[in-house]
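Here's the structure we're looking at; comments come further down.
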Amino acid sequence: MGGKVTCTLGEVKQRADFIVYWGGNPAECHPRHFTKYTLMQKSKFLPRGRKDRTVVLVDIRETKSAKAADHFLQVRPGKDFELLTIMRAMIKGQDVPEAQVAETGISIEVLRDLIEKMKKAKYGVMFFGMGLSMTRGKHMNAAALLTFAAEMNAFTKFVAMPMRGHGNVTGADVIMRWQTGYPFGISLNRGYPRYNPGEFSTVDVLVRGDTDCAFIIGADPGATMPKPAIDHLAKVPTIVLDPHVTHTSRLSRVHITTAPAGIAAPGTGYRMDEVPMPLKPALNSPYPSDEEVVRRIKEVIATKPDWMTNQPQMIESQV
Amino acid sequence: MELKVIENATCTFCGCVCDDIELHADDMRIHQAKKACILGKSWFLNHTAEKKYPDALIDGQPASLDDAIEVAANYLYDADMPLVYGMSNTTCEAQKECVAMADLLGALLDSHTSL
Ligand code: SF4
């Protein structure tokens, strides 16, 4: 998501007077997001805190987060992209047929009112969760929302930010971008990085059976992925690094127990706004850290002849 | 056992990565995680410094760390299309090692994001 219009959570806390949560349930998934960064904080620019902020929730069902919002828009499942596109047209004053608006589950009056409020805001922010980026349309939905946020800047300051979960996924994005130029879904099998989600993303690779050895760290695909993917993991040699013996460990050939990051292993973790935070482990683990184990495996591999010049099936001209 | 207090500890359970947690811990476990939410609390309190699992398992049997590292390296090296996946619940330092290893192997490299 290079080129996205975004900011840090510090700016949200200090300045954001219009906050949209789209397809996420922060009250239950990111419990301190409201209190620490968005809703409750008072600042120089928003001295009355919650009273100075307008909060909108867009989701397919009324979750606990809806109670904290001023406006709740219940979008029909799978209609996020349509709704975003309609709103993008409406901010520019283009005509949209009412029948099409009705299909999204939201009336045109509500949208008109919302857009007017958005344009009047001083600093708007749109947070989007998995309910947007993991349903029909997937990254096209996220792209539509990011474009919407960018286009709102013709009227007032607006930014967008994904609500990331799962520990340090943001760090994984940042590190891969730094080292390879791409955030995920990468193949290095030609000796240089190529990016193609859908082809190189893990679920697809596993379902197609396109890998013959899987190294899993800090994740438990054996509990979360579709069955054909899990079956393939069980078929090929799988190696797991985890503080616990997980579902994936049980179907793997090699499991190595490591110290839990942030609790017994030191290092760095990224917040969802890509601000790095030092971890402060409280315990000493009897197990080594992930970092140490991966480095040692890497060092053993490095003692072997280079694969690229030694693979018999390599085409001469590619070497 | 000595009780330690760690101020401004960081919780990495969710993307908020709250860095204002006060942890009370002894050698074995964390007893209190002040300011953390329910998710963060249970995450901090559920991990201990106990040796609950063997160092490593090879084909389901307890094994030494050194053996497991050797076997893992061989599997990865011998594969034609190895895959390095996950990297969520781990540190950036470990993620960097993963990328370097994938580069060395000519592997597929991917995280949770692609789901
Ligand atoms: S304390 Fe709660 S909100 Fe903060 S990072 Fe941990 S789980 Fe997330």
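Letters for chains follow the order of the structure tokens (A, B, ...), residue numbers begin at 1 for each chain, and ligand numbers begin at 1 in the order shown.
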Legend entry - Within-12 Å residues of ligand 1, basis only C-alpha atoms and all ligand atoms, as number ranges by chain: A: 26-37, 163-168, 262, 269-272, 277, 279; B: 8-23, 33-45
Inset, instruction - For chain B, report every residue with an atom at most 6 Å from chain A (counting only C-alpha atoms), formatted as a ChimeraX atom specification. - result: /B:9-10,12-17,49,55-59,69,73,79,81-92,94,97,101,106-111,114
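For the residues A:Cys7, A:Val58, A:Ala99, A:Val12, ranking by smallest atom-to-atom distance to A:Leu73 using only C-alpha atoms places A:Val58 first.
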Could you pull out the residues in stretch 50-290 of chain A that DSSP calls strand (DSSP E or B) from the backbone, as a compact mmCIF listing (two decimals) with N, CA, C and O atoms, in the first residue's frame?
# COMPACT_ATOMS: atom_id res chain seq x y z
N THR A 54 -16.51 13.43 16.07
CA THR A 54 -17.63 12.71 15.51
C THR A 54 -17.13 11.32 15.10
O THR A 54 -16.10 11.21 14.45
N VAL A 55 -17.86 10.30 15.51
CA VAL A 55 -17.42 8.94 15.23
C VAL A 55 -18.48 8.21 14.42
O VAL A 55 -19.65 8.21 14.77
N VAL A 56 -18.04 7.59 13.32
CA VAL A 56 -18.95 6.86 12.44
C VAL A 56 -18.46 5.41 12.34
O VAL A 56 -17.27 5.17 12.21
N LEU A 57 -19.38 4.48 12.44
CA LEU A 57 -19.01 3.08 12.26
C LEU A 57 -19.75 2.53 11.04
O LEU A 57 -20.96 2.71 10.93
N VAL A 58 -19.02 1.92 10.14
CA VAL A 58 -19.65 1.26 8.99
C VAL A 58 -19.36 -0.22 9.11
O VAL A 58 -18.20 -0.64 9.19
N ASP A 59 -20.40 -1.02 9.17
CA ASP A 59 -20.17 -2.46 9.30
C ASP A 59 -21.42 -3.19 8.84
O ASP A 59 -22.48 -2.59 8.66
N HIS A 71 -22.78 7.74 14.70
CA HIS A 71 -23.59 7.27 13.58
C HIS A 71 -23.17 5.86 13.23
O HIS A 71 -21.98 5.56 13.16
N PHE A 72 -24.17 5.02 13.01
CA PHE A 72 -23.85 3.66 12.58
C PHE A 72 -24.49 3.41 11.23
O PHE A 72 -25.70 3.62 11.04
N LEU A 73 -23.68 3.00 10.26
CA LEU A 73 -24.18 2.71 8.92
C LEU A 73 -24.09 1.21 8.69
O LEU A 73 -22.99 0.65 8.65
N GLN A 74 -25.25 0.58 8.54
CA GLN A 74 -25.23 -0.86 8.32
C GLN A 74 -25.24 -1.14 6.82
O GLN A 74 -26.26 -1.04 6.16
N TYR A 123 -10.06 17.49 10.49
CA TYR A 123 -9.07 16.43 10.33
C TYR A 123 -9.81 15.10 10.41
O TYR A 123 -10.25 14.69 11.48
N GLY A 124 -9.97 14.46 9.28
CA GLY A 124 -10.71 13.20 9.27
C GLY A 124 -9.77 12.01 9.15
O GLY A 124 -8.70 12.12 8.56
N VAL A 125 -10.18 10.91 9.75
CA VAL A 125 -9.39 9.69 9.61
C VAL A 125 -10.32 8.51 9.39
O VAL A 125 -11.40 8.43 9.98
N MET A 126 -9.92 7.62 8.48
CA MET A 126 -10.71 6.40 8.23
C MET A 126 -9.86 5.20 8.61
O MET A 126 -8.81 4.97 8.02
N PHE A 127 -10.34 4.47 9.60
CA PHE A 127 -9.69 3.21 9.95
C PHE A 127 -10.45 2.08 9.27
O PHE A 127 -11.68 2.08 9.30
N PHE A 128 -9.74 1.16 8.65
CA PHE A 128 -10.47 0.04 8.05
C PHE A 128 -9.92 -1.28 8.55
O PHE A 128 -8.73 -1.47 8.73
N LYS A 157 -8.56 17.98 5.29
CA LYS A 157 -7.53 16.98 5.57
C LYS A 157 -8.17 15.63 5.91
O LYS A 157 -9.03 15.56 6.80
N PHE A 158 -7.79 14.59 5.20
CA PHE A 158 -8.30 13.25 5.49
C PHE A 158 -7.18 12.23 5.33
O PHE A 158 -6.37 12.35 4.42
N VAL A 159 -7.14 11.26 6.23
CA VAL A 159 -6.14 10.20 6.13
C VAL A 159 -6.81 8.84 6.33
O VAL A 159 -7.97 8.77 6.75
N ALA A 160 -6.09 7.76 6.03
CA ALA A 160 -6.63 6.41 6.22
C ALA A 160 -5.56 5.52 6.86
O ALA A 160 -4.37 5.74 6.67
N MET A 161 -6.03 4.55 7.61
CA MET A 161 -5.10 3.63 8.26
C MET A 161 -5.73 2.26 8.46
O MET A 161 -6.87 2.16 8.88
N PRO A 162 -4.99 1.19 8.11
CA PRO A 162 -5.55 -0.14 8.38
C PRO A 162 -5.48 -0.47 9.87
O PRO A 162 -4.52 -0.09 10.55
N ILE A 186 5.81 -12.78 -1.81
CA ILE A 186 7.05 -12.59 -2.57
C ILE A 186 7.63 -13.95 -2.96
O ILE A 186 7.55 -14.90 -2.20
N SER A 187 8.23 -14.02 -4.15
CA SER A 187 9.02 -15.19 -4.51
C SER A 187 10.44 -14.75 -4.79
O SER A 187 10.67 -13.77 -5.50
N ARG A 194 10.20 -11.11 -6.54
CA ARG A 194 9.05 -10.81 -7.41
C ARG A 194 7.83 -10.82 -6.51
O ARG A 194 7.76 -11.59 -5.57
N TYR A 195 6.85 -9.99 -6.87
CA TYR A 195 5.67 -9.80 -6.02
C TYR A 195 4.44 -10.16 -6.80
O TYR A 195 4.22 -9.62 -7.88
N CYS A 213 8.34 -27.67 1.05
CA CYS A 213 8.86 -27.56 2.42
C CYS A 213 8.39 -26.24 2.99
O CYS A 213 8.56 -25.19 2.36
N ALA A 214 7.76 -26.25 4.16
CA ALA A 214 7.22 -25.01 4.71
C ALA A 214 7.86 -24.69 6.04
O ALA A 214 7.98 -25.55 6.91
N PHE A 215 8.28 -23.46 6.18
CA PHE A 215 8.87 -22.96 7.43
C PHE A 215 7.89 -21.96 8.03
O PHE A 215 7.61 -20.93 7.43
N ILE A 216 7.33 -22.29 9.20
CA ILE A 216 6.27 -21.47 9.78
C ILE A 216 6.77 -20.86 11.09
O ILE A 216 7.22 -21.59 11.98
N ILE A 217 6.69 -19.55 11.19
CA ILE A 217 7.15 -18.89 12.41
C ILE A 217 6.11 -17.86 12.86
O ILE A 217 5.58 -17.12 12.05
N THR A 238 7.26 -29.86 7.21
CA THR A 238 6.94 -28.54 7.75
C THR A 238 7.78 -28.33 9.01
O THR A 238 7.97 -29.25 9.80
N ILE A 239 8.29 -27.11 9.16
CA ILE A 239 9.10 -26.76 10.31
C ILE A 239 8.39 -25.62 11.03
O ILE A 239 7.98 -24.65 10.40
N VAL A 240 8.22 -25.76 12.34
CA VAL A 240 7.47 -24.75 13.10
C VAL A 240 8.33 -24.18 14.21
O VAL A 240 8.97 -24.93 14.95
N LEU A 241 8.35 -22.87 14.33
CA LEU A 241 8.95 -22.21 15.50
C LEU A 241 7.83 -21.55 16.27
O LEU A 241 7.13 -20.70 15.73
N ASP A 242 7.62 -21.94 17.53
CA ASP A 242 6.53 -21.35 18.30
C ASP A 242 6.77 -21.57 19.79
O ASP A 242 7.37 -22.58 20.17
N VAL A 254 9.34 -30.95 12.12
CA VAL A 254 10.22 -30.36 13.12
C VAL A 254 9.49 -29.23 13.84
O VAL A 254 8.91 -28.36 13.20
N HIS A 255 9.49 -29.29 15.18
CA HIS A 255 8.97 -28.17 15.96
C HIS A 255 10.11 -27.71 16.86
O HIS A 255 10.78 -28.52 17.48
N ILE A 256 10.34 -26.40 16.93
CA ILE A 256 11.33 -25.87 17.86
C ILE A 256 10.62 -24.88 18.77
O ILE A 256 9.94 -23.97 18.31
N THR A 257 10.76 -25.10 20.09
CA THR A 257 10.12 -24.20 21.04
C THR A 257 10.99 -22.96 21.22
O THR A 257 12.20 -23.07 21.42
N ALA A 261 7.90 -13.64 22.11
CA ALA A 261 8.38 -12.28 21.85
C ALA A 261 7.66 -11.28 22.74
O ALA A 261 6.45 -11.34 22.89
N ALA A 265 11.36 -12.63 25.14
CA ALA A 265 12.40 -12.33 24.15
C ALA A 265 12.36 -10.84 23.81
O ALA A 265 11.28 -10.30 23.60
N GLY A 267 13.33 -7.27 21.59
CA GLY A 267 13.31 -6.94 20.17
C GLY A 267 12.45 -5.72 19.92
O GLY A 267 12.25 -4.89 20.80
N THR A 268 11.93 -5.64 18.69
CA THR A 268 11.14 -4.49 18.28
C THR A 268 9.82 -4.97 17.71
O THR A 268 9.78 -6.00 17.03
N GLY A 269 8.74 -4.23 17.97
CA GLY A 269 7.45 -4.53 17.36
C GLY A 269 6.88 -3.25 16.77
O GLY A 269 7.13 -2.17 17.31
N TYR A 270 6.13 -3.37 15.66
CA TYR A 270 5.56 -2.18 15.04
C TYR A 270 4.10 -2.00 15.42
O TYR A 270 3.33 -2.96 15.37
N PRO A 276 7.79 2.04 15.36
CA PRO A 276 8.43 0.91 16.04
C PRO A 276 8.50 1.11 17.55
O PRO A 276 8.73 2.22 18.02
N MET A 277 8.26 0.05 18.29
CA MET A 277 8.28 0.11 19.75
C MET A 277 9.25 -0.94 20.29
O MET A 277 9.21 -2.09 19.86
N PRO A 278 10.08 -0.56 21.23
CA PRO A 278 10.96 -1.56 21.85
C PRO A 278 10.15 -2.47 22.77
O PRO A 278 9.24 -2.00 23.44
N LEU A 279 10.46 -3.75 22.77
CA LEU A 279 9.77 -4.69 23.66
C LEU A 279 10.57 -4.82 24.95
O LEU A 279 11.79 -4.75 24.94
Inset, instruction - Tell me, in Å to one decimal, how far atom CA of A:Thr38 is from atom CA of A:Pro77. - result: 26.1 Å
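For the pair atom CA of A:Trp22 and atom CA of A:Gly129, the interatomic distance is 6.3 Å.
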Inset, instruction - Would you please extract all helix (DSSP H, G or I) residues from stretch 22-107 of chain B, as assigned by DSSP on the backbone, and give them as number ranges by chain? - result: B: 38-46, 65-78, 92-105
Could you write those residues out with C-alpha atoms, as a tab-separated table (two decimals), in the first residue's frame?
chain	number	residue	atom	x	y	z
B	38	ILE	CA	-8.54	-7.97	28.96
B	39	LEU	CA	-6.88	-9.32	25.83
B	40	GLY	CA	-3.50	-7.96	26.83
B	41	LYS	CA	-3.86	-9.20	30.41
B	42	SER	CA	-4.61	-12.75	29.41
B	43	TRP	CA	-1.74	-12.67	26.92
B	44	PHE	CA	0.76	-11.53	29.55
B	45	LEU	CA	-0.56	-13.82	32.27
B	46	ASN	CA	-0.77	-16.95	30.14
B	65	LEU	CA	17.81	-27.95	19.68
B	66	ASP	CA	21.05	-28.62	17.75
B	67	ASP	CA	19.59	-31.67	16.00
B	68	ALA	CA	16.38	-29.84	15.18
B	69	ILE	CA	18.30	-26.93	13.65
B	70	GLU	CA	20.37	-29.31	11.52
B	71	VAL	CA	17.32	-31.27	10.33
B	72	ALA	CA	15.35	-28.08	9.59
B	73	ALA	CA	18.22	-26.60	7.59
B	74	ASN	CA	18.51	-29.80	5.53
B	75	TYR	CA	14.79	-29.95	4.75
B	76	LEU	CA	14.82	-26.33	3.66
B	77	TYR	CA	17.99	-26.65	1.58
B	78	ASP	CA	16.86	-29.85	-0.14
B	92	CYS	CA	11.43	-7.46	13.71
B	93	GLU	CA	14.91	-8.83	14.38
B	94	ALA	CA	13.64	-12.37	13.79
B	95	GLN	CA	11.70	-11.21	10.72
B	96	LYS	CA	14.89	-9.80	9.28
B	97	GLU	CA	16.62	-13.16	9.75
B	98	CYS	CA	13.67	-14.86	8.03
B	99	VAL	CA	14.01	-12.61	4.98
B	100	ALA	CA	17.77	-13.26	4.83
B	101	MET	CA	17.15	-17.01	5.06
B	102	ALA	CA	14.47	-16.89	2.35
B	103	ASP	CA	16.89	-14.98	0.14
B	104	LEU	CA	19.58	-17.59	0.66
B	105	LEU	CA	17.11	-20.37	-0.14
